[in-house]
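**Q** Structure in structure tokens, see below.
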There are 2 protein chains.
Amino acid sequence: MQLGLSVSDSDVSSFTPLVVLELADDTKAEAITWLLNRIRGKQQNGGAELLVDQLLFPAQDGQKSNQNVFVVGSTLQRLLKGAEDVGLFKEFQDGTMRGFTYANRESFKDFYGDGEGFLSDAECQYIIKHELDTLRAKNEEHVPGYPKVKLYPGKSVVRRLQSKGVLVQYFPLHNKEDLKRLSFSWYKKIKLSFQPLDDIRHYFGEGLALYFGFLEYFTFALVPMAFIGIPYYLFDWEDYDKYVLFAVFNLVWSTVFLEVWKRCSATLAYGWGTLSHKKAFEEPRAGFHGALGFNPITGREEPVYPSSKYHLRIYLVSVPFVLLCLYLSFYVMMVYFDMENWAISIYNENPNLATGILLFVPSIIYAVVIEIMNLLYRYAAEFLTNWENHRLESSFQNHLVLKVLVFNFVNCFASLFYIAFVMQDMVLLRQSLATLLITSQILNQVMEAFLPYWLQRRRNKKVHKRMRRMMGDKELPLLEQVQLETEMNTYLGTFDDYLEQFLLFGYVSLFSCVYPLAAVLVVLNNITEVYSDAFKMCHVFKRPFSEPAANIGVWQLAFETMSIISVVTNCALIGLSSQVKAYFPESETQMILIVVAIEHVLLAFKFILAFVIPDVPKHIQVKLAKLEFDSLEALKKRRRALGRLVRCYGSSDMAQLDCE
Amino acid sequence: MQLGLSVSDSDVSSFTPLVVLELADDTKAEAITWLLNRIRGKQQNGGAELLVDQLLFPAQDGQKSNQNVFVVGSTLQRLLKGAEDVGLFKEFQDGTMRGFTYANRESFKDFYGDGEGFLSDAECQYIIKHELDTLRAKNEEHVPGYPKVKLYPGKSVVRRLQSKGVLVQYFPLHNKEDLKRLSFSWYKKIKLSFQPLDDIRHYFGEGLALYFGFLEYFTFALVPMAFIGIPYYLFDWEDYDKYVLFAVFNLVWSTVFLEVWKRCSATLAYGWGTLSHKKAFEEPRAGFHGALGFNPITGREEPVYPSSKYHLRIYLVSVPFVLLCLYLSFYVMMVYFDMENWAISIYNENPNLATGILLFVPSIIYAVVIEIMNLLYRYAAEFLTNWENHRLESSFQNHLVLKVLVFNFVNCFASLFYIAFVMQDMVLLRQSLATLLITSQILNQVMEAFLPYWLQRRRNKKVHKRMRRMMGDKELPLLEQVQLETEMNTYLGTFDDYLEQFLLFGYVSLFSCVYPLAAVLVVLNNITEVYSDAFKMCHVFKRPFSEPAANIGVWQLAFETMSIISVVTNCALIGLSSQVKAYFPESETQMILIVVAIEHVLLAFKFILAFVIPDVPKHIQVKLAKLEFDSLEALKKRRRALGRLVRCYGSSDMAQLDCE
């Protein structure tokens with residue numbers, strides 16, 4: 001919280017602006033007054049007790065900028081109390097992680113004086129977001145000035161304003177000094193060191209830090225594969241027994257590293273206090289609709305949607321739709337192979353320049369069609385998942401991820417599977433694999449970082465120029481910063497980043513016994529990926545709100561599923577190879593049976609390995625058990641102390657204390 | 001607690017005896033006095049605050065019976081407070097299950113007056129066991145009178161006395177009236193109804209009630225299979241496509257019913273309050289030894305044993321030993337087949353009566369050897385698991401179960417696998433399967449219920465006669481009851497019962513497409529099994545202490561693994577069948593590939609099914625979530641109330657209340 005600039009023309013005392021709220025330009029004044037009063041109001045009266053201020057951009061030759069931009073901040077005390085509300089875990093004096101309580105604040109490590117610097121920026125912003133999100137309607141029947149924007153007691157005000165378009169966006173502000181420091185230690189110096197994960201977590205929160213942790217871990221985990229893969233390329237080893245060896249190593253290794261990652265992520269999450277962090281009760285997402293009823297858990301009034309309808313929508317509409325899309329994707333692939341055959345036949349009939357160029361046309365068309373299909377499907381998946389009407393954001397995300405995952409998997413790997421198992425052309429498989437992998441890597445880097453960066457730079461320059469023109473020489477860096485960040489693109493979460501890694505993992509493991517060099521390419525890609533992703537987070541996108549995360553969630557499952565599928569594909573590939581067939585000249589049947597048996601043994605081995613390796617390292621387990629034991633003992637002690645107190649002071653006040 | 005008999009010649013007021021403690025006959029008087037004082041002592045002084053009395057058996061013509069038998073009981077208030085200590089969950093006024101607290105006792109359903117009848121007998125006995133087990137040494141360095149039986153602060157006194165043989169046994173007493181009522185509703189009337197699971201749980205506790213619930217559920221789940229299996233037997237259907245149909249139905253069905261069982265068991269466990277019951281911190285088991293150190297979790301002094309040694313013992317000794325035993329089992333099986341071949345060849349050379357009898361000799365020898373091997377292995381497994389030095393009883397049990405499970409699986413099914421996949425003789429397979437199944441069922445029923453019952457009856461008569469002789473006409477039913485029950489066999493837990501069901505499940509599912517009648521036989525067996533098991537629990541064994549259980553634990557995993565293995569075996573059997581081969585006259589390879597593909601699809605389908613069916617039914621999930629939400633809200637309220645109190649009364653007493 002270094003950014004101690006006061007808001008120049010405001011009437012309240014100066015505070016550190018942490019979050020920006022942008023309301024629609026034409027928002028009615030009474031709605032604004034009401035909202036600001038609610039945000040500033042005392043907590044006893046259902047307010048958020050936060051500090052909020054309007055940013056007034058000087059009007060400028062006709063082109064009026066949005067006047068309804070506000071910055072929100074908070075006093076330190078309010079933030080500390082909020083930290084207790086959101087259930088933050090912090091390091092205690094004795095080195096364990098404990099749920100922060102305001103009353104015991106001074107027993108926590110790194111709490112000095114009034115607590116300045118105890119909470120990271122990302123945590124402060126997360127707390128403010130939580131307080132804004134849980135600002136609930138009281139007796140208002142609608143938002144003042146908007147008779148159509150209905151409210152009911154307990155409804156989150158911000159969610160309703162958002163879903164009705166009154167609240168355009170709210171996002172956390174960058175902290176320029178911290179950002180400078182972070183970006184220097186992260187990617188600006190040329191060095192061979194680990195990423196500063198703790199600093200990343202400090203600035204961007206746990207969800208993102210875990211992504212970068214995983215990216216780094218995954219890259220390191222691929223290094224042994226890459227090293228073993230290089231000689232295959234250098235010496236042109238074509239012996240299949242060597243490939244078999246590589247495949248087996250690959251399969252066992254991928255199981256081990258996925259299991260070990262769980263332990264790493266548990267260690268990271270424990271240190272960050274998110275491993276035992278219990279999720280607060282999740283609010284319905286902004287888009288959720290239904291007849292007003294009562295939530296059976298909280299007893300609060302909120303929209304209720306029958307779960308039978310929801311399941312019907314999933315199983316009768318979404319699942320068939322996804323299957324149809326998969327079929328379409330197969331169909332397009334078949335058309336591509338037909339086109340390719342046709343092009344080859346024409347070229348063979350009459351080999352000249354025109355027909356030579358024609359050879360490339362099917363691939364180009366197919367690549368373009370795949371991209372278009374991915375894009376269209378993404379929209380359709382989002383629409384469908386929205387229409388399924390999930391009550392919780394987490395459930396919405398899981399269903400969206402699953403849909404997109406399955407389709408992307410098929411779209412990316414279907415042609416490879418076809419080449420491998422139907423055409424059984426290993427040379428073509430190797431070529432296609434290499435082409436696909438390299439193309440997708442290049443495309444990704446361009447689409448993901450360079451293009452947005454270039455657009456962002458142009459926009460920056462424009463805003464900078466406009467601000468200069470507006471204000472002459474007056475230095476108003478906050479106004480300019482807010483103006484700039486308002487127009488930045490929003491980072492849509494780690495979804496696409498994980499998806500990319502997931503597909504890369506597929507390229508490495510699915511056909512590893514055919515193309516051992518894939519690991520090398522992926523390692524090279526990921527080294528640049530760290531830089532471009534880091535750069536993108538720091539300079540291309542709006543700062544995202546931090547998300548407490550204890551693990552990589554559904555992606556762990558996705559990676560594990562991929563590693564199971566790759567056992568099957570690799571065994572099948574080995575079975576298809578002519579070298580292996582040569583070992584069993586008399587009986588193909590016997591060969592197949594042996595390969596199937598090996599496959600089953602490998603799969604069983606994977607499951608046993610996953611079962612035997614504990615998901616949480618021993619020392620973390622001990623710390624967690626100690627915490628639980630201590631809190632049980634404290635509960636017992638408290639009950640005894642309460643008993644004494646009741647005897648001393650009478651029971652009226654106390655009875656309610658023990659009503660868990 | 002109907003058994004209101006006072007202990008005739010005691011000096012304390014009468015109480016309901018619940019638990020019997022038997023010390024060695026030659027226990028030193030000072031040790032007895034010390035122990036009784038500790039059991040009776042106030043809780044503030046580290047006592048258990050229980051009631052305890054000596055039972056004096058009249059001396060009898062030379063043959064003196066053990067005089068060191070004690071009965072333990074408790075006041076109602078002590079039991080209610082103990083219920084809070086062990087974390088019992090009870091039904092609240094609003095129908096949810098909540099952790100019982102003494103302060104709020106009157107808000108719980110079925111709590112009337114002073115709480116008489118609120119706790120079941122089994123719960124009272126469980127509480128007394130817990131209080132006895134957690135009776136800890138204070139400053140005593142050894143048990144008085146036994147300088148060699150060392151103690152250290154915090155060591156469980158009862159565990160130490162047990163491991164040194166001073167405490168011979170302690171067990172809960174039967175309640176004759178309740179037992180009569182239970183056995184009548186359970187198995188004495190001829191009826192078609194469900195078992196009285198709630199009454200069983202009331203009397204024997206949750207662990208056993210879950211076993212009987214599972215037994216019933218499993219039997220009902222087999223009924224559809226049995227019905228579908230009957231026509232195969234009646235009409236001698238030999239078409240393989242019909243068998244294939246049956247196998248596919250069988251596989252899908254077994255997945256579904258195992259998944260649904262999880263939901264059933266969650267529903268049962270929720271109603272019994274064990275689903276959210278957190279296990280109290282587990283004490284080291286009686287046999288655990290190591291250098292004295294500090295437990296990193298509790299900070300208490302206790303034996304510490306390096307986990308590296310423990311892992312070395314498991315992986316370097318136990319695992320190789322088990323593998324060796326498995327090899328031996330295979331070897332014996334091969335010898336058996338050799339012997340059988342030899343017998344057949346002799347018979348074929350010279351078919352007469354002597355050689356005809358010789359034909360049966362290998363089978364008989366093999367059956368006997370298998371039984372002997374099972375027995376020897378069981379001892380070896382117990383010895384090894386003990387030697388591995390597990391700190392916790394639960395970990396000991398899991399390792400023992402795993403060892404015995406694997407060996408029993410191989411021992412029972414190895415010959416079937418050999419016949420099916422090496423000899424490929426389907427007729428012999430069907431014969432062997434039927435023989436093994438029927439033999440093992442008959443043997444089990446005899447060994448498990450009738451033999452112990454017969455022994456027990458003889459013993460009962462003897463004790464009865466002796467007591468009559470001792471006391472003449474004086475009626476002392478308690479003395480006689482204690483005498484009788486002391487000599488009853490101890491029920492060693494549900495292990496053998498589950499193991500039997502597990503093996504039966506194997507007979508039904510592993511080769512279901514060859515012998516559909518197996519389901520019928522198992523259903524018939526299980527119907528009698530319910531009766532014989534119930535009878536055995538009520539009349540053959542000592543009453544066991546109740547064990548809170550939320551599910552069937554490691555057995556769920558065992559059954560699921562079996563159902564996965566059975567997918568593989570059934571697919572393989574179908575692939576081997578001549579009818580299926582006839583469909584692919586031109587290419588055996590193609591047939592195998594198709595069968596393998598089907599197998600993979602079935603396996604994938606199983607996993608998806610297991611993933612899609614939620615383990616806990618929706619309405620239980622809602623109740624659990626509500627409970628959690630309520631307790632979070634109560635915590636917030638309490639913090640606020642505490643804040644007020646601190647302001648009112650000063651903070652000295654209060655500060656400690658909030659130190660979680």
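We label chains A, B, ... in the order they appear in the structure tokens, count residues from 1 in each chain, and number ligands from 1 in the order shown.
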So that I can check the secondary structure, give me every residue of segment 435-580 of chain A assigned helix (DSSP H, G or I) by backbone DSSP, as a ChimeraX atom specification.
**A** /A:435-471,477-487,495-509,518-540,554-576,578-580
**Q** Give me, as a list in words, all polymer residues having an atom no more than 12 Å from Glu371 of chain A, counting only C-alpha atoms and skipping those fewer than 6 positions away in the same chain.
**A**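 Final neighbour list, sorted by chain and number: Ser329, Ile364, Ile365, Tyr377, Arg378, Asn408, Asn411, Cys412, Ser440, Leu443 and Asn444 of chain A.
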**Q** Please list as a PyMOL selection string every residue within 9 Å of Tyr531 of chain B, counting only C-alpha atoms and excluding residues in the same chain fewer than 5 positions away.
**A** chain B and resi 186-188+526+536
